[in-house]
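J.: Once you've had a glance at the structure underneath, I'll fire off some questions.
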Amino acid sequence: MTHTLDENPLWLVWLLSSHFKRYISDFAEQHDLSPSQLHALLLLKPDTPVPMNQLSCLVGCDPSYVTGLVDKLVALELVTRQESTQDRRIKTPSLNEQGKALRNSLIQKLGDFYSQLEVLQHIPDALTKDLKVLSEITLKISSNK
């Protein structure tokens with residue numbers, strides 16, 4: 001069987017991600033955040049603590065990097081970090097009230113920011129729905145590992 005990049009979903013998502021990386025960096029910078037800090041804030045759902053090892057998988061980086069990332073979010077007074085009740089070695093960051101408010105604001109502003117991009121005119125709604133399904137499938141698969 002011959003494999004081509006233009007038929008490989010992994011490659012296509014990676015390529016799409018690289019195209020949008022500049023927009024995400026610009027948006028994060030406008031809000032005095034790094035792209036990784038923005039990513040973590042948007043991944044942390046209100047009232048849902050996430051173990052550090054799971055957050056590192058979601059952000060897609062080494063656990064030691066997530067420790068520094070969470071340290072910065074704690075210093076910005078957006079996140080609190082607790083020990084797990086089952087295992088004190090496991091730390092679980094969660095949004096505090098200021099972090100929840102900023103996250104909600106960022107979600108709205110990211111929608112506004114994206115809607116102002118010319119690229120939006122070329123992306124069909126069906127593609128957005130398909131990307132959501134793909135995201136849910138891959139999240140479910142990675143959660144089961």
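If you're wondering about the labels, chains in the structure tokens are A, B, ... by order shown, residues count from 1 in each chain, ligands from 1 in order shown.
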Need the shell around Arg103 of chain A: protein/DNA/RNA residues with any atom at most 8 Å away, counting only C-alpha atoms. Skip same-chain ones fewer than 4 positions apart. Format as a list in words?
T.: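 Final neighbour list, sorted by chain and number: Leu41, Leu42, Gly99 and Ile107 of chain A.
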J.: Got a sec: who's within 12 Å of Ser84 of chain A, counting only C-alpha atoms, leaving out chain neighbours fewer than 2 positions off, as JSON, numbers by chain?
T.: {"A": [49, 50, 51, 52, 81, 82, 86, 87, 88, 89, 90, 91, 92, 93, 94]}
J.: Determine, for each residue of segment 49-125 of chain A having at least one atom at most 9 Å from an atom of segment 25-40 of chain A, the closest pair of atoms and their separation in Å to one decimal, counting only C-alpha atoms; order by chain and ascending number, as a tab-separated table.
T.:
```
residue	atom	partner	partner_atom	distance
A:Leu55	CA	A:Ala40	CA	7.5
A:Leu58	CA	A:Ala40	CA	8.3
A:Val59	CA	A:Ala40	CA	6.6
A:Val66	CA	A:Ala40	CA	8.9
A:Leu69	CA	A:Gln37	CA	6.6
A:Val70	CA	A:Gln37	CA	8.2
A:Lys72	CA	A:Gln37	CA	8.2
A:Leu73	CA	A:Gln37	CA	7.2
A:Arg103	CA	A:Leu38	CA	8.7
A:Leu106	CA	A:His31	CA	8.5
A:Lys109	CA	A:Phe27	CA	8.9
A:Leu110	CA	A:Phe27	CA	7.4
A:Phe113	CA	A:Phe27	CA	7.5
```
J.: Got time to write the residues from that selection, N, CA and C atoms, as a PDB file, in the first residue's frame?
T.:
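Writing done, so here's out-v9.pdb:
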```
ATOM      1  N   LEU A  55      -2.420  16.665  32.418  1.00  0.00           N
ATOM      2  CA  LEU A  55      -2.276  17.984  31.797  1.00  0.00           C
ATOM      3  C   LEU A  55      -1.083  18.000  30.843  1.00  0.00           C
ATOM      4  N   LEU A  58      -2.226  16.472  27.661  1.00  0.00           N
ATOM      5  CA  LEU A  58      -3.134  17.356  26.936  1.00  0.00           C
ATOM      6  C   LEU A  58      -2.391  18.516  26.277  1.00  0.00           C
ATOM      7  N   VAL A  59      -1.423  19.071  26.987  1.00  0.00           N
ATOM      8  CA  VAL A  59      -0.640  20.177  26.434  1.00  0.00           C
ATOM      9  C   VAL A  59       0.364  19.651  25.414  1.00  0.00           C
ATOM     10  N   VAL A  66       5.400  21.062  32.326  1.00  0.00           N
ATOM     11  CA  VAL A  66       4.092  21.411  32.885  1.00  0.00           C
ATOM     12  C   VAL A  66       4.236  21.915  34.314  1.00  0.00           C
ATOM     13  N   LEU A  69       5.106  25.444  33.950  1.00  0.00           N
ATOM     14  CA  LEU A  69       3.942  26.133  33.392  1.00  0.00           C
ATOM     15  C   LEU A  69       2.901  26.397  34.477  1.00  0.00           C
ATOM     16  N   VAL A  70       2.616  25.393  35.277  1.00  0.00           N
ATOM     17  CA  VAL A  70       1.651  25.553  36.370  1.00  0.00           C
ATOM     18  C   VAL A  70       2.205  26.510  37.423  1.00  0.00           C
ATOM     19  N   LYS A  72       3.983  29.099  36.883  1.00  0.00           N
ATOM     20  CA  LYS A  72       3.731  30.455  36.367  1.00  0.00           C
ATOM     21  C   LYS A  72       2.267  30.845  36.515  1.00  0.00           C
ATOM     22  N   LEU A  73       1.369  29.905  36.258  1.00  0.00           N
ATOM     23  CA  LEU A  73      -0.062  30.196  36.396  1.00  0.00           C
ATOM     24  C   LEU A  73      -0.448  30.414  37.861  1.00  0.00           C
ATOM     25  N   ARG A 103     -10.475  32.667  31.934  1.00  0.00           N
ATOM     26  CA  ARG A 103     -10.762  31.619  30.942  1.00  0.00           C
ATOM     27  C   ARG A 103     -12.042  31.949  30.172  1.00  0.00           C
ATOM     28  N   LEU A 106     -11.321  34.758  27.859  1.00  0.00           N
ATOM     29  CA  LEU A 106     -10.465  34.327  26.752  1.00  0.00           C
ATOM     30  C   LEU A 106     -11.251  33.535  25.710  1.00  0.00           C
ATOM     31  N   LYS A 109     -13.134  36.112  23.736  1.00  0.00           N
ATOM     32  CA  LYS A 109     -12.213  36.905  22.921  1.00  0.00           C
ATOM     33  C   LYS A 109     -11.569  36.083  21.817  1.00  0.00           C
ATOM     34  N   LEU A 110     -11.316  34.794  22.070  1.00  0.00           N
ATOM     35  CA  LEU A 110     -10.746  33.935  21.041  1.00  0.00           C
ATOM     36  C   LEU A 110     -11.749  33.760  19.892  1.00  0.00           C
ATOM     37  N   PHE A 113     -11.641  37.050  18.044  1.00  0.00           N
ATOM     38  CA  PHE A 113     -10.363  37.130  17.329  1.00  0.00           C
ATOM     39  C   PHE A 113     -10.421  36.275  16.067  1.00  0.00           C
TER      40      PHE A 113
END
```
J.: Which is closer to Glu97 of chain A than all the others in A:Gln116, A:Thr80, A:Thr4, A:Ser18, using only C-alpha atoms?
T.: A:Thr80
J.: Please compute the atom CA of Gln108 of chain A-atom CA of Pro9 of chain A distance, one decimal, in Å.
T.: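 Taking atom CA of Gln108 of chain A as the start and atom CA of Pro9 of chain A as the end point, the length is 28.8 Å.
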J.: Atom CA of Gly60 of chain A and atom CA of Trp14 of chain A, how far apart in Å?
T.: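 Between atom CA of Trp14 of chain A and atom CA of Gly60 of chain A the gap works out to 12.7 Å.
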J.: Considering only strand (DSSP E) as DSSP defines it on the backbone, what residues of segment 54-94 of chain A qualify? List them as an MDAnalysis selection string.
T.: chainID A and resid 79:83 91:94
J.: Between atom CA of Lys100 of chain A and atom CA of Asp47 of chain A, what distance in Å does the model show, to one decimal?
T.: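 Between atom CA of Lys100 of chain A and atom CA of Asp47 of chain A the gap is 8.9 Å.
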J.: Need to verify the contact set: Leu131 of chain A, 9 Å, only C-alpha atoms, exclusion of same-chain residues closer than 5 positions in sequence. Can you return it as a ChimeraX atom specification?
T.: /A:13,126,136
